[in-house]
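> A single structure is presented below for examination.
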Amino acid sequence: MKEWVEALKEYKVLLGEPEKEELKRISYDSRKAEAGDLFLCMKGSKLDSHDKIPELLEKGVRLFVVEKELEDLPVELGKTEGLSVIKVENARAALARLSACYFHYPAKEMLMIGITGTKGKTTTASMVRSILEEAGYRTGLIGTTGIDYAGIHEESRNTTPESYTLQETFRKMKEAGCDAVVMEASSQGFKMHRTDEILFDYGIFTNIEEDHIGENEHKDFQEYKYYKSMIFKQSKQGLINMDADFADEFWKNAACPCHGFAIEKKADFQAKNIENLRQDDFIGTRFDFVHGEEVESIFNHLPGEYNVYNALAAISIASLLKIPMDKVKSALSKIQVNGRMEVTLQRNGYTVIVDYAHNAMGMKNLLQTLKAYHPKRLIVVFGCGGNRSKERRYGMGEVAGEMADFTILTADNSRYEKTEDIIHDIETTLTKKTDKYIAIPDRREAIFYALKHAKRGDLIAVIGKGHEEYNEVNGEFTRFVDREVILEEAAKLD
Ligand SMILES: CC(=O)N[C@H]1[C@@H](OP(=O)(O)OP(=O)(O)OC[C@H]2O[C@@H](n3ccc(=O)[nH]c3=O)[C@H](O)[C@@H]2O)O[C@H](CO)[C@@H](O)[C@@H]1O[C@H](C)C(=O)N[C@@H](C)C(=O)N[C@H](CCC(=O)O)C(=O)O
Ligand SMILES: Nc1ncnc2c1ncn2[C@@H]1O[C@H](COP(=O)(O)OP(=O)(O)OP(=O)(O)O)[C@@H](O)[C@H]1O
């Protein structure tokens, strides 16, 4: 029996003798499949790749993993010579199992840290990685900002990539000398079985709030919460933000031992005496990290209380790993996360910050944080993505109306919708709160307008895109980096 067939665990052979077949290459996209591949068929949101079987047979594919009985397939397979067909309950789970086996279970060879939560995954992952690197670990990073290891950067379409990509990436990281991986584990990743076959040494839960609910995401909040809680079924130890909603439920249902961190509640790891600090070259917070008898003063170079939570999660992991505190402090005092609370421009007494906040919760946190630095006016430039939940538009419109002194509505990955229609959705809630706004659908023009009208003491938050390097319209991706555009448009004013 071939090892890869055993790795499938549960399966039914429909045709041939797959146990005798070599696993040469795994493939799950007909456009990339080649003769001799094993092809996994699955039903997606746009396409059911079982329908691609005739095309795949033409290409010379002879080994299939399917989710249907033979009689439900689009072609009578019994007529083709030399075929092996295996049926599984879930092809995505099978893909994870096969991929882990194919790449020889690389996750078992490294320290694995997974982070889930509605907000804070990218920032926390970046902080954990910076601390690990400072302490001498060679660390790979996988998340919304892409894949980074050993000086290599790869773009990725999803926060948590497909299982095959994950397992392949782990192997590449290991071969490049990594001994640790920090990755964002999205609820979609759990739902789509991308993270199956990974056992995290530490799993972190940052927080949960209604998000990612809608067509092609989660059916409802219950489902979203369920998939987030999966992290504690796939971790050796858990770390829970005890101040977060549903923290007790996550704690109670965890299948692994857990530790807590908190600002408000009592927990194993706590942050106390938090102060906002703004100096010439430092904007952020100072706080005491308290763990039992241990008290350490921490300077966190990212402003805002929510970044204290993110730092606290990272310091707690460092403490569990027994990393010396001087390494932790040094990493956090200079931490910078691409597109997350990034101070991009300080000009004529005003400041422009780029941030990835792209839902009501993130936006509210961001604007609250910036208000604590007492700007003359708080100006926000934003749009909402097309073909995504409309709730996000209403939520962000309401927050802008309540919190910003002036709002500039613009484009942000309109995809297959008209920017004007998306703006109109945002206006429905925004205009109930304020009339101090303007709609400028072109994002570059919107940024120019913000800079041209800025006054001394203003804080301008350009949000939603953060680290992104493109704008997506009708399936086309055009380079658009907020940081670059801000600097280019500012140069025109000099
Ligand atoms: C709705 C959804 O989750 N879609 C994901 C899903 O695509 P899909 O399976 O639905 O795609 P499909 O086009 O219907 O294709 C189905 C199957 O046919 C195959 N195919 C397709 C076309 C073809 O010609 N031939 C062919 O064989 C595909 O390779 C696939 O195996 O599987 C793909 C591979 O894993 C994902 O890239 C894709 O994520 C899309 C891009 C997406 O936007 N997903 C969001 C919801 C998401 O996952 N977001 C989370 C972030 C959440 C957070 O921030 O917390 C994430 O982790 O990114
Ligand atoms: N711990 C937190 N609690 C609440 N809001 C946060 C927290 N951390 C960051 N944010 C806000 O959310 C935004 C996104 O942060 P980050 O990218 O770290 O989260 P994420 O979980 O990776 O988000 P996403 O899933 O949307 O990519 C930040 O720019 C900030 O406005």
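In the structure tokens, chains take the letters A, B, ... in the order shown, each chain's residues start at 1, and ligands count up from 1 in the order shown.
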How would you report the residues lying within 7 Å of ligand 1, as a list in words, if you count only C-alpha atoms and all ligand atoms?

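These are the residues that qualify: Tyr28, Asp29, Ser30, Arg31, Cys41, Met42, Lys43, Gly44, Ser45, Lys46, Leu47, Asp48, Ser49, Lys52, Thr118, Arg157, Asn158, Thr159, Thr160, Pro161, Glu162, Ser186, Ser187, Gln188, Gly189, His212, Asn216 and Glu217 of chain A.
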
> Using only C-alpha atoms and all ligand atoms, find each protein or nucleic acid residue lying at most 9 Å from ligand 2; present the set as number ranges by chain.

A: 115-126, 143-145, 159, 184, 186, 206-208, 212, 244, 304-311, 337, 339-342, 354-359, 361-367, 369, 463-464, 466

> Residues of stretch 178-411 of chain A in helix (DSSP H, G or I) according to DSSP, as a ChimeraX atom specification?

/A:187-191,221-233,247-253,305-320,325-333,360-371,390-403

> Next, the residues of the selection above should be written as a PDB file, in the first residue's frame with C-alpha atoms.


```
ATOM      1  CA  SER A 187     -11.807  31.066   9.989  1.00  0.00           C
ATOM      2  CA  GLN A 188     -12.191  30.481   6.227  1.00  0.00           C
ATOM      3  CA  GLY A 189      -8.903  28.595   6.355  1.00  0.00           C
ATOM      4  CA  PHE A 190     -10.347  26.239   8.971  1.00  0.00           C
ATOM      5  CA  LYS A 191     -13.659  25.944   7.157  1.00  0.00           C
ATOM      6  CA  PHE A 221     -22.028  34.286  13.493  1.00  0.00           C
ATOM      7  CA  GLN A 222     -22.374  30.822  15.079  1.00  0.00           C
ATOM      8  CA  GLU A 223     -20.579  29.280  12.157  1.00  0.00           C
ATOM      9  CA  TYR A 224     -17.876  31.975  12.190  1.00  0.00           C
ATOM     10  CA  LYS A 225     -17.307  31.414  15.922  1.00  0.00           C
ATOM     11  CA  TYR A 226     -17.203  27.649  15.477  1.00  0.00           C
ATOM     12  CA  TYR A 227     -14.463  27.830  12.855  1.00  0.00           C
ATOM     13  CA  LYS A 228     -12.446  30.286  14.945  1.00  0.00           C
ATOM     14  CA  SER A 229     -12.620  27.912  17.897  1.00  0.00           C
ATOM     15  CA  MET A 230     -11.039  25.159  15.776  1.00  0.00           C
ATOM     16  CA  ILE A 231      -7.633  26.605  16.591  1.00  0.00           C
ATOM     17  CA  PHE A 232      -7.828  25.039  20.041  1.00  0.00           C
ATOM     18  CA  LYS A 233      -8.524  21.636  18.551  1.00  0.00           C
ATOM     19  CA  ALA A 247     -13.341  34.218  25.741  1.00  0.00           C
ATOM     20  CA  ASP A 248     -14.829  31.975  28.453  1.00  0.00           C
ATOM     21  CA  GLU A 249     -16.600  29.879  25.842  1.00  0.00           C
ATOM     22  CA  PHE A 250     -13.406  29.452  23.853  1.00  0.00           C
ATOM     23  CA  TRP A 251     -11.550  28.545  27.071  1.00  0.00           C
ATOM     24  CA  LYS A 252     -14.195  26.027  28.154  1.00  0.00           C
ATOM     25  CA  ASN A 253     -14.392  24.299  24.783  1.00  0.00           C
ATOM     26  CA  GLU A 305      -4.684  50.087  23.207  1.00  0.00           C
ATOM     27  CA  TYR A 306      -5.500  47.375  20.685  1.00  0.00           C
ATOM     28  CA  ASN A 307      -1.824  47.209  19.873  1.00  0.00           C
ATOM     29  CA  VAL A 308      -1.181  46.649  23.577  1.00  0.00           C
ATOM     30  CA  TYR A 309      -3.340  43.518  23.222  1.00  0.00           C
ATOM     31  CA  ASN A 310      -1.367  42.454  20.167  1.00  0.00           C
ATOM     32  CA  ALA A 311       1.944  43.101  21.938  1.00  0.00           C
ATOM     33  CA  LEU A 312       0.696  41.322  25.050  1.00  0.00           C
ATOM     34  CA  ALA A 313      -0.110  38.191  23.029  1.00  0.00           C
ATOM     35  CA  ALA A 314       3.354  38.317  21.478  1.00  0.00           C
ATOM     36  CA  ILE A 315       5.124  38.879  24.808  1.00  0.00           C
ATOM     37  CA  SER A 316       3.124  36.039  26.394  1.00  0.00           C
ATOM     38  CA  ILE A 317       4.285  33.634  23.678  1.00  0.00           C
ATOM     39  CA  ALA A 318       7.844  34.871  24.194  1.00  0.00           C
ATOM     40  CA  SER A 319       7.483  34.286  27.925  1.00  0.00           C
ATOM     41  CA  LEU A 320       6.144  30.742  27.358  1.00  0.00           C
ATOM     42  CA  MET A 325      12.952  40.045  28.071  1.00  0.00           C
ATOM     43  CA  ASP A 326      15.670  42.310  26.632  1.00  0.00           C
ATOM     44  CA  LYS A 327      15.082  40.682  23.231  1.00  0.00           C
ATOM     45  CA  VAL A 328      11.333  41.240  23.563  1.00  0.00           C
ATOM     46  CA  LYS A 329      11.767  44.903  24.514  1.00  0.00           C
ATOM     47  CA  SER A 330      14.212  45.612  21.761  1.00  0.00           C
ATOM     48  CA  ALA A 331      11.915  44.055  19.119  1.00  0.00           C
ATOM     49  CA  LEU A 332       8.814  45.977  20.243  1.00  0.00           C
ATOM     50  CA  SER A 333      10.522  49.346  20.635  1.00  0.00           C
ATOM     51  CA  ALA A 360     -16.525  48.956  11.346  1.00  0.00           C
ATOM     52  CA  MET A 361     -14.695  47.405  14.286  1.00  0.00           C
ATOM     53  CA  GLY A 362     -11.208  48.075  12.898  1.00  0.00           C
ATOM     54  CA  MET A 363     -12.174  51.577  11.821  1.00  0.00           C
ATOM     55  CA  LYS A 364     -13.701  52.473  15.174  1.00  0.00           C
ATOM     56  CA  ASN A 365     -10.611  51.245  17.007  1.00  0.00           C
ATOM     57  CA  LEU A 366      -8.332  53.156  14.685  1.00  0.00           C
ATOM     58  CA  LEU A 367     -10.233  56.455  14.901  1.00  0.00           C
ATOM     59  CA  GLN A 368     -10.541  56.167  18.680  1.00  0.00           C
ATOM     60  CA  THR A 369      -6.808  55.620  18.901  1.00  0.00           C
ATOM     61  CA  LEU A 370      -6.022  58.630  16.753  1.00  0.00           C
ATOM     62  CA  LYS A 371      -8.448  60.836  18.697  1.00  0.00           C
ATOM     63  CA  LYS A 390     -22.911  45.184   2.388  1.00  0.00           C
ATOM     64  CA  GLU A 391     -22.998  45.277   6.180  1.00  0.00           C
ATOM     65  CA  ARG A 392     -19.400  46.426   6.058  1.00  0.00           C
ATOM     66  CA  ARG A 393     -20.411  49.511   4.043  1.00  0.00           C
ATOM     67  CA  TYR A 394     -23.216  50.457   6.407  1.00  0.00           C
ATOM     68  CA  GLY A 395     -21.002  49.852   9.451  1.00  0.00           C
ATOM     69  CA  MET A 396     -18.109  51.920   8.148  1.00  0.00           C
ATOM     70  CA  GLY A 397     -20.423  54.728   7.029  1.00  0.00           C
ATOM     71  CA  GLU A 398     -21.877  54.937  10.502  1.00  0.00           C
ATOM     72  CA  VAL A 399     -18.488  54.953  12.230  1.00  0.00           C
ATOM     73  CA  ALA A 400     -17.164  57.671   9.900  1.00  0.00           C
ATOM     74  CA  GLY A 401     -20.297  59.750  10.509  1.00  0.00           C
ATOM     75  CA  GLU A 402     -19.920  59.456  14.260  1.00  0.00           C
ATOM     76  CA  MET A 403     -16.178  59.826  14.653  1.00  0.00           C
TER      77      MET A 403
END
```

> Can you tell me, as an NGL selection string, what residues are no more than 10 Å from A:Ala446 when counting only C-alpha atoms, ignoring any on the same chain fewer than 4 positions away?

:A and (381-382 or 408-411 or 438-442 or 450-452 or 462)

> How about saving the chosen residues, N, CA, C and O atoms kept, as a PDB file, in the first residue's frame?


```pdb
ATOM      1  N   VAL A 381     -10.178  58.927   4.872  1.00  0.00           N
ATOM      2  CA  VAL A 381     -10.350  58.664   3.437  1.00  0.00           C
ATOM      3  C   VAL A 381     -10.557  57.160   3.303  1.00  0.00           C
ATOM      4  O   VAL A 381      -9.698  56.381   3.717  1.00  0.00           O
ATOM      5  N   PHE A 382     -11.704  56.746   2.765  1.00  0.00           N
ATOM      6  CA  PHE A 382     -11.927  55.298   2.632  1.00  0.00           C
ATOM      7  C   PHE A 382     -13.004  54.945   1.612  1.00  0.00           C
ATOM      8  O   PHE A 382     -13.774  55.802   1.178  1.00  0.00           O
ATOM      9  N   ILE A 408     -13.815  61.522   3.350  1.00  0.00           N
ATOM     10  CA  ILE A 408     -13.701  61.514   1.886  1.00  0.00           C
ATOM     11  C   ILE A 408     -13.964  60.079   1.433  1.00  0.00           C
ATOM     12  O   ILE A 408     -13.193  59.165   1.744  1.00  0.00           O
ATOM     13  N   LEU A 409     -15.088  59.893   0.727  1.00  0.00           N
ATOM     14  CA  LEU A 409     -15.459  58.547   0.265  1.00  0.00           C
ATOM     15  C   LEU A 409     -14.851  58.302  -1.112  1.00  0.00           C
ATOM     16  O   LEU A 409     -14.923  59.159  -1.996  1.00  0.00           O
ATOM     17  N   THR A 410     -14.278  57.113  -1.273  1.00  0.00           N
ATOM     18  CA  THR A 410     -13.600  56.829  -2.540  1.00  0.00           C
ATOM     19  C   THR A 410     -13.622  55.342  -2.861  1.00  0.00           C
ATOM     20  O   THR A 410     -14.366  54.577  -2.238  1.00  0.00           O
ATOM     21  N   ALA A 411     -12.791  54.924  -3.827  1.00  0.00           N
ATOM     22  CA  ALA A 411     -12.784  53.520  -4.272  1.00  0.00           C
ATOM     23  C   ALA A 411     -11.843  52.667  -3.427  1.00  0.00           C
ATOM     24  O   ALA A 411     -10.844  53.147  -2.906  1.00  0.00           O
ATOM     25  N   ILE A 438     -17.281  64.344   1.376  1.00  0.00           N
ATOM     26  CA  ILE A 438     -17.295  64.521  -0.082  1.00  0.00           C
ATOM     27  C   ILE A 438     -17.044  63.143  -0.698  1.00  0.00           C
ATOM     28  O   ILE A 438     -16.345  62.319  -0.090  1.00  0.00           O
ATOM     29  N   ALA A 439     -17.620  62.899  -1.862  1.00  0.00           N
ATOM     30  CA  ALA A 439     -17.366  61.638  -2.563  1.00  0.00           C
ATOM     31  C   ALA A 439     -16.481  61.921  -3.774  1.00  0.00           C
ATOM     32  O   ALA A 439     -16.829  62.732  -4.626  1.00  0.00           O
ATOM     33  N   ILE A 440     -15.304  61.269  -3.808  1.00  0.00           N
ATOM     34  CA  ILE A 440     -14.387  61.408  -4.951  1.00  0.00           C
ATOM     35  C   ILE A 440     -13.993  59.982  -5.361  1.00  0.00           C
ATOM     36  O   ILE A 440     -13.089  59.381  -4.773  1.00  0.00           O
ATOM     37  N   PRO A 441     -14.690  59.387  -6.332  1.00  0.00           N
ATOM     38  CA  PRO A 441     -14.490  57.970  -6.643  1.00  0.00           C
ATOM     39  C   PRO A 441     -13.054  57.578  -6.990  1.00  0.00           C
ATOM     40  O   PRO A 441     -12.642  56.451  -6.706  1.00  0.00           O
ATOM     41  N   ASP A 442     -12.274  58.469  -7.590  1.00  0.00           N
ATOM     42  CA  ASP A 442     -10.891  58.135  -7.920  1.00  0.00           C
ATOM     43  C   ASP A 442     -10.029  58.266  -6.663  1.00  0.00           C
ATOM     44  O   ASP A 442      -9.930  59.353  -6.080  1.00  0.00           O
ATOM     45  N   ALA A 450      -7.461  65.422   0.034  1.00  0.00           N
ATOM     46  CA  ALA A 450      -7.214  65.412   1.489  1.00  0.00           C
ATOM     47  C   ALA A 450      -5.963  66.216   1.823  1.00  0.00           C
ATOM     48  O   ALA A 450      -5.954  67.027   2.764  1.00  0.00           O
ATOM     49  N   LEU A 451      -4.903  66.013   1.025  1.00  0.00           N
ATOM     50  CA  LEU A 451      -3.631  66.702   1.302  1.00  0.00           C
ATOM     51  C   LEU A 451      -3.760  68.205   1.024  1.00  0.00           C
ATOM     52  O   LEU A 451      -3.269  69.035   1.782  1.00  0.00           O
ATOM     53  N   LYS A 452      -4.437  68.531  -0.060  1.00  0.00           N
ATOM     54  CA  LYS A 452      -4.558  69.941  -0.478  1.00  0.00           C
ATOM     55  C   LYS A 452      -5.313  70.767   0.573  1.00  0.00           C
ATOM     56  O   LYS A 452      -4.992  71.926   0.815  1.00  0.00           O
ATOM     57  N   VAL A 462      -5.797  57.312   5.947  1.00  0.00           N
ATOM     58  CA  VAL A 462      -6.154  56.732   4.646  1.00  0.00           C
ATOM     59  C   VAL A 462      -6.250  55.235   4.891  1.00  0.00           C
ATOM     60  O   VAL A 462      -5.243  54.572   5.176  1.00  0.00           O
TER      61      VAL A 462
END
```

> Within stretch 42-108 of chain A, find each residue whose DSSP state, derived from the backbone, is strand (DSSP E), and express the selection as a PyMOL selection string.

chain A and resi 63-66+84-87
